[in-house]
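Below is the file upload-v7.tsv, which contains TSV, C-alpha atoms and all ligand atoms.
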```tsv
chain	number	residue	atom	x	y	z
A	1	MET	CA	36.97	19.92	-11.94
A	2	ARG	CA	33.76	17.90	-12.17
A	3	TYR	CA	31.10	18.02	-14.85
A	4	GLY	CA	27.49	16.93	-14.76
A	5	ILE	CA	26.38	16.21	-18.31
A	6	LEU	CA	22.86	15.41	-19.41
A	7	SER	CA	20.85	15.19	-22.61
A	8	ASP	CA	17.44	14.49	-24.12
A	9	ILE	CA	15.21	15.78	-21.37
A	10	HIS	CA	12.25	15.86	-23.73
A	11	SER	CA	9.89	17.86	-21.52
A	12	ASN	CA	9.96	15.22	-18.78
A	13	LEU	CA	10.01	17.37	-15.64
A	14	GLU	CA	9.91	14.56	-13.07
A	15	ALA	CA	12.95	12.84	-14.61
A	16	TYR	CA	14.75	16.18	-14.97
A	17	GLU	CA	14.26	17.12	-11.31
A	18	ALA	CA	15.39	13.68	-10.16
A	19	VAL	CA	18.55	13.91	-12.28
A	20	ILE	CA	19.35	17.41	-11.03
A	21	ASP	CA	18.98	16.20	-7.42
A	22	THR	CA	21.40	13.35	-8.12
A	23	LEU	CA	23.91	15.57	-9.90
A	24	LYS	CA	23.86	18.14	-7.10
A	25	LYS	CA	25.07	15.47	-4.69
A	26	GLU	CA	28.09	15.03	-6.98
A	27	ASN	CA	29.00	18.71	-6.56
A	28	PRO	CA	29.67	19.44	-10.23
A	29	ASP	CA	31.56	22.64	-11.08
A	30	LYS	CA	29.80	22.82	-14.41
A	31	ILE	CA	26.59	21.40	-15.83
A	32	VAL	CA	26.28	20.85	-19.56
A	33	VAL	CA	22.98	20.12	-21.33
A	34	VAL	CA	23.47	18.41	-24.68
A	35	GLY	CA	20.14	19.20	-26.33
A	36	ASP	CA	16.54	18.11	-26.81
A	37	ILE	CA	15.15	19.98	-23.85
A	38	VAL	CA	11.68	19.75	-25.38
A	39	GLY	CA	9.63	17.33	-27.51
A	40	TYR	CA	7.59	14.21	-26.50
A	41	GLY	CA	6.61	15.18	-22.94
A	42	ALA	CA	4.07	17.52	-21.38
A	43	ASP	CA	6.35	20.03	-19.58
A	44	PRO	CA	8.35	21.96	-22.19
A	45	LYS	CA	7.87	25.30	-20.45
A	46	GLU	CA	8.99	24.02	-17.06
A	47	CYS	CA	11.97	22.18	-18.56
A	48	ILE	CA	13.09	25.34	-20.39
A	49	ARG	CA	12.69	27.37	-17.19
A	50	LEU	CA	14.72	24.85	-15.21
A	51	THR	CA	17.47	24.73	-17.85
A	52	ARG	CA	17.81	28.51	-17.93
A	53	PHE	CA	18.18	28.47	-14.18
A	54	LEU	CA	20.63	25.57	-14.19
A	55	THR	CA	23.31	26.48	-16.73
A	56	ASP	CA	24.45	28.52	-19.72
A	57	ASN	CA	26.31	25.56	-21.20
A	58	ILE	CA	23.71	24.18	-23.57
A	59	THR	CA	23.69	22.81	-27.09
A	60	CYS	CA	20.54	22.51	-29.19
A	61	GLY	CA	18.90	19.28	-30.26
A	62	ASN	CA	16.81	18.49	-33.31
A	63	HIS	CA	13.58	18.68	-31.27
A	64	ASP	CA	14.53	22.10	-29.89
A	65	TRP	CA	15.01	23.37	-33.42
A	66	ALA	CA	11.86	21.65	-34.66
A	67	ALA	CA	9.77	23.30	-31.95
A	68	VAL	CA	10.78	26.74	-33.24
A	69	GLY	CA	10.54	25.95	-36.93
A	70	LEU	CA	14.30	25.74	-37.57
A	71	MET	CA	14.16	22.09	-38.60
A	72	ASN	CA	12.25	20.31	-41.32
A	73	ILE	CA	10.22	17.63	-39.53
A	74	LYS	CA	9.40	15.48	-42.52
A	75	TRP	CA	11.84	12.83	-41.21
A	76	PHE	CA	10.23	12.82	-37.76
A	77	ASN	CA	7.82	9.96	-37.14
A	78	TYR	CA	4.12	10.64	-36.67
A	79	ASN	CA	4.20	10.76	-32.87
A	80	ALA	CA	7.27	12.99	-32.78
A	81	ARG	CA	5.60	15.36	-35.26
A	82	ARG	CA	2.47	15.57	-33.13
A	83	ALA	CA	4.60	16.34	-30.09
A	84	VAL	CA	6.50	19.03	-32.02
A	85	GLN	CA	3.24	20.68	-33.06
A	86	TRP	CA	1.83	20.47	-29.53
A	87	THR	CA	5.03	22.02	-28.12
A	88	LYS	CA	5.11	24.77	-30.76
A	89	ASP	CA	1.59	25.80	-29.82
A	90	ILE	CA	2.30	26.38	-26.14
A	91	LEU	CA	5.71	28.05	-26.19
A	92	ASN	CA	5.79	31.82	-25.69
A	93	GLY	CA	8.06	34.29	-27.48
A	94	SER	CA	10.76	34.29	-24.82
A	95	GLU	CA	10.92	30.48	-24.74
A	96	GLU	CA	11.17	30.40	-28.54
A	97	GLU	CA	13.98	32.94	-28.49
A	98	PHE	CA	15.84	30.88	-25.91
A	99	LEU	CA	15.67	27.74	-28.07
A	100	LYS	CA	16.56	29.61	-31.26
A	101	LYS	CA	19.74	31.03	-29.75
A	102	LEU	CA	21.24	27.73	-28.58
A	103	ASN	CA	24.59	26.79	-30.10
A	104	LEU	CA	25.27	23.56	-31.95
A	105	ILE	CA	28.52	22.84	-30.12
A	106	PHE	CA	29.75	23.51	-26.59
A	107	GLU	CA	33.45	23.41	-25.82
A	108	ASP	CA	35.85	24.46	-23.11
A	109	GLU	CA	39.37	23.47	-22.10
A	110	ASN	CA	38.31	19.97	-20.99
A	111	ILE	CA	35.41	18.76	-23.11
A	112	ILE	CA	33.44	19.16	-26.30
A	113	ALA	CA	29.71	18.44	-26.54
A	114	VAL	CA	27.24	18.13	-29.40
A	115	HIS	CA	23.75	16.64	-29.64
A	116	GLY	CA	24.25	14.32	-32.63
A	117	SER	CA	27.74	14.28	-34.12
A	118	LEU	CA	30.59	16.66	-34.93
A	119	ASP	CA	30.34	16.10	-38.68
A	120	ASN	CA	27.72	18.57	-39.87
A	121	PRO	CA	26.23	19.04	-36.40
A	122	GLN	CA	23.24	20.88	-37.92
A	123	ASP	CA	22.19	17.58	-39.58
A	124	PHE	CA	21.95	15.76	-36.22
A	125	ASN	CA	23.48	12.51	-37.47
A	126	TYR	CA	23.29	9.53	-35.12
A	127	ILE	CA	26.34	7.73	-33.80
A	128	PHE	CA	25.15	4.14	-33.53
A	129	TYR	CA	28.01	2.25	-35.14
A	130	ILE	CA	31.78	2.45	-35.45
A	131	GLU	CA	31.46	3.87	-38.98
A	132	ASP	CA	29.41	6.76	-37.57
A	133	ALA	CA	31.88	7.35	-34.74
A	134	ILE	CA	34.89	7.61	-37.10
A	135	LYS	CA	33.56	10.84	-38.63
A	136	THR	CA	33.35	12.49	-35.22
A	137	PHE	CA	36.69	11.09	-34.00
A	138	SER	CA	38.37	12.64	-37.04
A	139	LYS	CA	37.13	16.09	-35.95
A	140	MET	CA	38.30	15.72	-32.33
A	141	ASP	CA	41.48	16.48	-30.42
A	142	LYS	CA	42.26	14.80	-27.08
A	143	ARG	CA	39.22	16.20	-25.25
A	144	PRO	CA	36.39	13.69	-24.79
A	145	CYS	CA	33.25	14.41	-26.82
A	146	PHE	CA	29.87	14.09	-25.08
A	147	ILE	CA	26.78	13.40	-27.16
A	148	GLY	CA	23.10	12.40	-26.81
A	149	HIS	CA	20.42	11.89	-29.50
A	150	SER	CA	20.14	8.06	-29.54
A	151	HIS	CA	18.90	7.94	-25.90
A	152	SER	CA	21.22	4.98	-25.13
A	153	PRO	CA	24.36	5.39	-23.02
A	154	VAL	CA	27.53	4.03	-24.62
A	155	PHE	CA	31.26	4.77	-24.87
A	156	PHE	CA	33.26	4.72	-28.11
A	157	MET	CA	37.02	4.46	-27.59
A	158	ARG	CA	39.60	4.98	-30.31
A	159	ASP	CA	43.16	3.78	-29.95
A	160	LYS	CA	44.95	4.64	-33.20
A	161	GLU	CA	43.19	2.54	-35.88
A	162	ARG	CA	41.10	0.52	-33.46
A	163	ILE	CA	37.65	1.56	-32.18
A	164	ASP	CA	35.86	-0.24	-29.35
A	165	VAL	CA	32.23	0.11	-28.30
A	166	ILE	CA	31.91	-0.16	-24.52
A	167	PHE	CA	28.70	-0.50	-22.52
A	168	ASP	CA	30.22	-0.20	-19.04
A	169	GLU	CA	28.83	2.01	-16.30
A	170	ALA	CA	32.10	3.90	-15.98
A	171	ILE	CA	35.34	4.35	-17.86
A	172	ARG	CA	38.75	5.70	-16.90
A	173	LEU	CA	40.28	7.70	-19.73
A	174	GLU	CA	43.73	6.68	-20.88
A	175	GLU	CA	46.37	8.93	-22.36
A	176	GLY	CA	46.60	8.83	-26.14
A	177	LYS	CA	43.09	7.48	-26.70
A	178	GLN	CA	39.99	9.35	-27.85
A	179	TYR	CA	36.51	8.97	-26.38
A	180	ILE	CA	32.95	9.70	-27.47
A	181	ILE	CA	30.45	9.33	-24.64
A	182	ASN	CA	26.72	9.07	-25.17
A	183	VAL	CA	25.25	10.18	-21.85
A	184	GLY	CA	21.84	8.58	-22.50
A	185	SER	CA	18.52	10.34	-22.00
A	186	VAL	CA	16.98	12.05	-19.00
A	187	GLY	CA	13.41	12.01	-20.23
A	188	GLN	CA	13.00	9.05	-22.57
A	189	PRO	CA	15.62	6.29	-22.10
A	190	ARG	CA	15.61	3.71	-24.90
A	191	ASP	CA	18.13	1.13	-23.72
A	192	GLY	CA	15.61	-1.02	-21.87
A	193	ASP	CA	16.30	0.64	-18.51
A	194	ASN	CA	13.47	3.01	-17.61
A	195	ARG	CA	15.56	5.09	-15.20
A	196	ALA	CA	16.74	8.53	-16.26
A	197	ALA	CA	20.39	8.78	-17.31
A	198	CYS	CA	23.17	11.37	-16.97
A	199	ALA	CA	26.96	11.42	-16.74
A	200	VAL	CA	29.58	12.74	-14.36
A	201	TYR	CA	33.10	13.52	-15.59
A	202	ASP	CA	35.79	13.95	-12.94
A	203	VAL	CA	38.69	15.55	-14.81
A	204	ARG	CA	41.32	15.02	-12.14
A	205	GLU	CA	40.43	11.34	-11.79
A	206	GLN	CA	39.91	11.07	-15.56
A	207	LEU	CA	36.78	9.11	-14.72
A	208	ILE	CA	33.44	9.23	-16.53
A	209	THR	CA	30.46	7.58	-14.85
A	210	ILE	CA	26.96	7.03	-16.20
A	211	LYS	CA	24.36	7.47	-13.45
A	212	ARG	CA	20.84	6.03	-13.53
A	213	VAL	CA	18.10	7.71	-11.53
A	214	GLU	CA	14.61	6.54	-10.63
A	215	TYR	CA	11.76	9.02	-10.93
A	216	ASN	CA	7.98	9.11	-10.72
A	217	ILE	CA	7.19	7.66	-14.16
A	218	ARG	CA	3.48	7.36	-13.44
A	219	GLU	CA	3.13	11.08	-12.83
A	220	THR	CA	4.88	11.89	-16.11
A	221	GLN	CA	2.67	9.40	-17.96
A	222	GLU	CA	-0.50	10.92	-16.55
A	223	LYS	CA	0.56	14.37	-17.66
A	224	ILE	CA	1.29	13.15	-21.19
A	225	LEU	CA	-2.10	11.42	-21.43
A	226	ASN	CA	-3.95	14.41	-19.96
A	227	ALA	CA	-2.25	16.73	-22.44
A	228	GLY	CA	-3.66	14.72	-25.33
A	229	LEU	CA	-0.20	13.76	-26.60
A	230	PRO	CA	0.12	10.34	-28.33
A	231	GLU	CA	-0.40	7.58	-25.73
A	232	ILE	CA	2.66	5.68	-26.86
A	233	LEU	CA	4.81	8.57	-25.61
A	234	ALA	CA	3.51	7.82	-22.12
A	235	TYR	CA	3.61	4.02	-22.23
A	236	ARG	CA	7.11	3.68	-23.65
A	237	LEU	CA	8.54	5.39	-20.54
A	238	SER	CA	7.80	2.33	-18.36
A	239	GLU	CA	9.62	0.10	-20.82
A	240	GLY	CA	12.61	2.38	-21.32
A	241	ARG	CA	12.08	1.93	-25.08
B	301	ZN	ZN	16.19	13.16	-28.28
```

Could you express the structure from this file as structure tokens?
Amino acid sequence: MRYGILSDIHSNLEAYEAVIDTLKKENPDKIVVVGDIVGYGADPKECIRLTRFLTDNITCGNHDWAAVGLMNIKWFNYNARRAVQWTKDILNGSEEEFLKKLNLIFEDENIIAVHGSLDNPQDFNYIFYIEDAIKTFSKMDKRPCFIGHSHSPVFFMRDKERIDVIFDEAIRLEEGKQYIINVGSVGQPRDGDNRAACAVYDVREQLITIKRVEYNIRETQEKILNAGLPEILAYRLSEGR
């Protein structure tokens, strides 16, 4: 059994298509989308359409909720708020319904997935540090937990009382340990690498790999600028910040 897992698409169609092409070559049995399909970029409608076509295994992100009025955006920064408003204005009823119906958590026999964290998933807490990770580890069993939200790929590994933060490209899961995997962001990476990110989990091999995928950043940037979205949302894509 192989999973393709991706998160934080943020209406970036070019990155999304490039990631899907890469994942297809991996022959995944299941694709899981861990939230934030929309927000920031210029192609929310296309990214929703593509997601509906791709999989039923989807969790919602804070931007998905914000775009349909389910989330108070007072904590969003100015540019994020403008993008939320812009997105809200162009979604149709069926797209809104789709976003509203997304679950907070996805789970099956092998994995669990949530956009932010397992403690109060509706609050979309970030897992940046070990202290944040502990709260999610305490709600997990032996299945690995896949997350997004921070837009930076990273592994957290718990071995009894010890937690390690690992920035490797791949990790082989060991018996008796717990893992939280941030799969990074498709549409707005923030770890200094401007390539789109996604993860592949091979259950039989117990191997999780973070993939990075080049895409046509310039085309995405032009669309964002032409849409009248904040310019910074275009420029930051080249930096991966
Ligand atoms: Zn996001």

Could you give me, as CSV, a per-residue list for chain A showing, wherever an atom lies at most 7 Å from an atom of ligand ZN 301 (chain B), the closest pair of atoms and their distance in Å to one decimal, using all atoms listed in the file and sorting by chain then residue number from low to high?
```
residue,atom,partner,partner_atom,distance
A:Asp8,CA,B:ZN301,ZN,4.5
A:His10,CA,B:ZN301,ZN,6.6
A:Asp36,CA,B:ZN301,ZN,5.2
A:Gly61,CA,B:ZN301,ZN,7.0
A:His63,CA,B:ZN301,ZN,6.8
A:His149,CA,B:ZN301,ZN,4.6
A:Ser150,CA,B:ZN301,ZN,6.6
A:His151,CA,B:ZN301,ZN,6.3
```

Using only C-alpha atoms for the distances, tell me which of A:Asn72, A:Asn27, A:Asn77, A:Asn12 is nearest to Ile48 (chain A).
A:Asn12

Go ahead and compute the interatomic distance for CA of Val84 (chain A) and CA of Ala15 (chain A), in Å to one decimal.
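A separation of 19.6 Å between them.
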
Option closest in space to Lys25 (chain A), from A:Pro189, A:Gly228, A:Gly4, A:Pro144 [counting only C-alpha atoms]:
A:Gly4

Take the point (10.9, 23.8, -16.0) in the file's coordinates, draw a sphere of radius 12 Å around it, and report as a list in words every protein, DNA or RNA residue with an atom inside or on it, counting only C-alpha atoms.
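Applying the cut-off with only C-alpha atoms, one gets Ile9, His10, Ser11, Asn12, Leu13, Glu14, Ala15, Tyr16, Glu17, Ile20, Ile37, Val38, Gly41, Ala42, Asp43, Pro44, Lys45, Glu46, Cys47, Ile48, Arg49, Leu50, Thr51, Arg52, Phe53, Leu54 and Glu95 of chain A.
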
CA of Phe167 (chain A) and CA of Asp123 (chain A), how far apart in Å?
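Separation of CA of Asp123 (chain A) and CA of Phe167 (chain A): 25.7 Å.
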
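Using all atoms listed in the file, the nearest neighbour of Ala199 (chain A) within the list A:Leu91, A:Ile232, A:Val186, A:Leu99 is A:Val186.
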
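Closest approach to Leu233 (chain A) among A:Phe106, A:Tyr78, A:Tyr129, A:Tyr3: A:Tyr78, based on all atoms listed in the file.
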
Using all atoms listed in the file, the shortest atom-to-atom distance to Arg143 (chain A) among A:Ile5, A:Ile111, A:Val183, A:Ala227 belongs to A:Ile111

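Comparing the minimum interatomic distances between Glu107 (chain A) and each of A:Val32, A:Ile134, A:Ile163, A:Ala66, counting only C-alpha atoms, we find that A:Val32 sits nearest.
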
Around (29.6, 22.9, -9.1) in the file's own coordinates, what residues are found within 9 Å if you use only C-alpha atoms, given back as a VMD selection string?
chain A and resid 1 to 4 24 26 to 31

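One distance worth recording is that between CA of Thr209 (chain A) and CA of Phe146 (chain A), which is 12.1 Å.
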
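Residue neighbourhood of Glu161 (chain A), excluding near-sequence residues (fewer than 6 positions): Ile130, Ile134, Phe137, Ser138, Lys177 and Gln178 of chain A, at 12 Å, using all atoms listed in the file.
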
For the selection you just gave me, I'd like the residues written to a file as a PDB file, in the coordinates of the input, keeping C-alpha atoms.
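File produced: result05.pdb:
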```pdb
ATOM      1  CA  ILE A 130      31.780   2.450 -35.450  1.00  0.00           C
ATOM      2  CA  ILE A 134      34.890   7.610 -37.100  1.00  0.00           C
ATOM      3  CA  PHE A 137      36.690  11.090 -34.000  1.00  0.00           C
ATOM      4  CA  SER A 138      38.370  12.640 -37.040  1.00  0.00           C
ATOM      5  CA  LYS A 177      43.090   7.480 -26.700  1.00  0.00           C
ATOM      6  CA  GLN A 178      39.990   9.350 -27.850  1.00  0.00           C
TER       7      GLN A 178
END
```
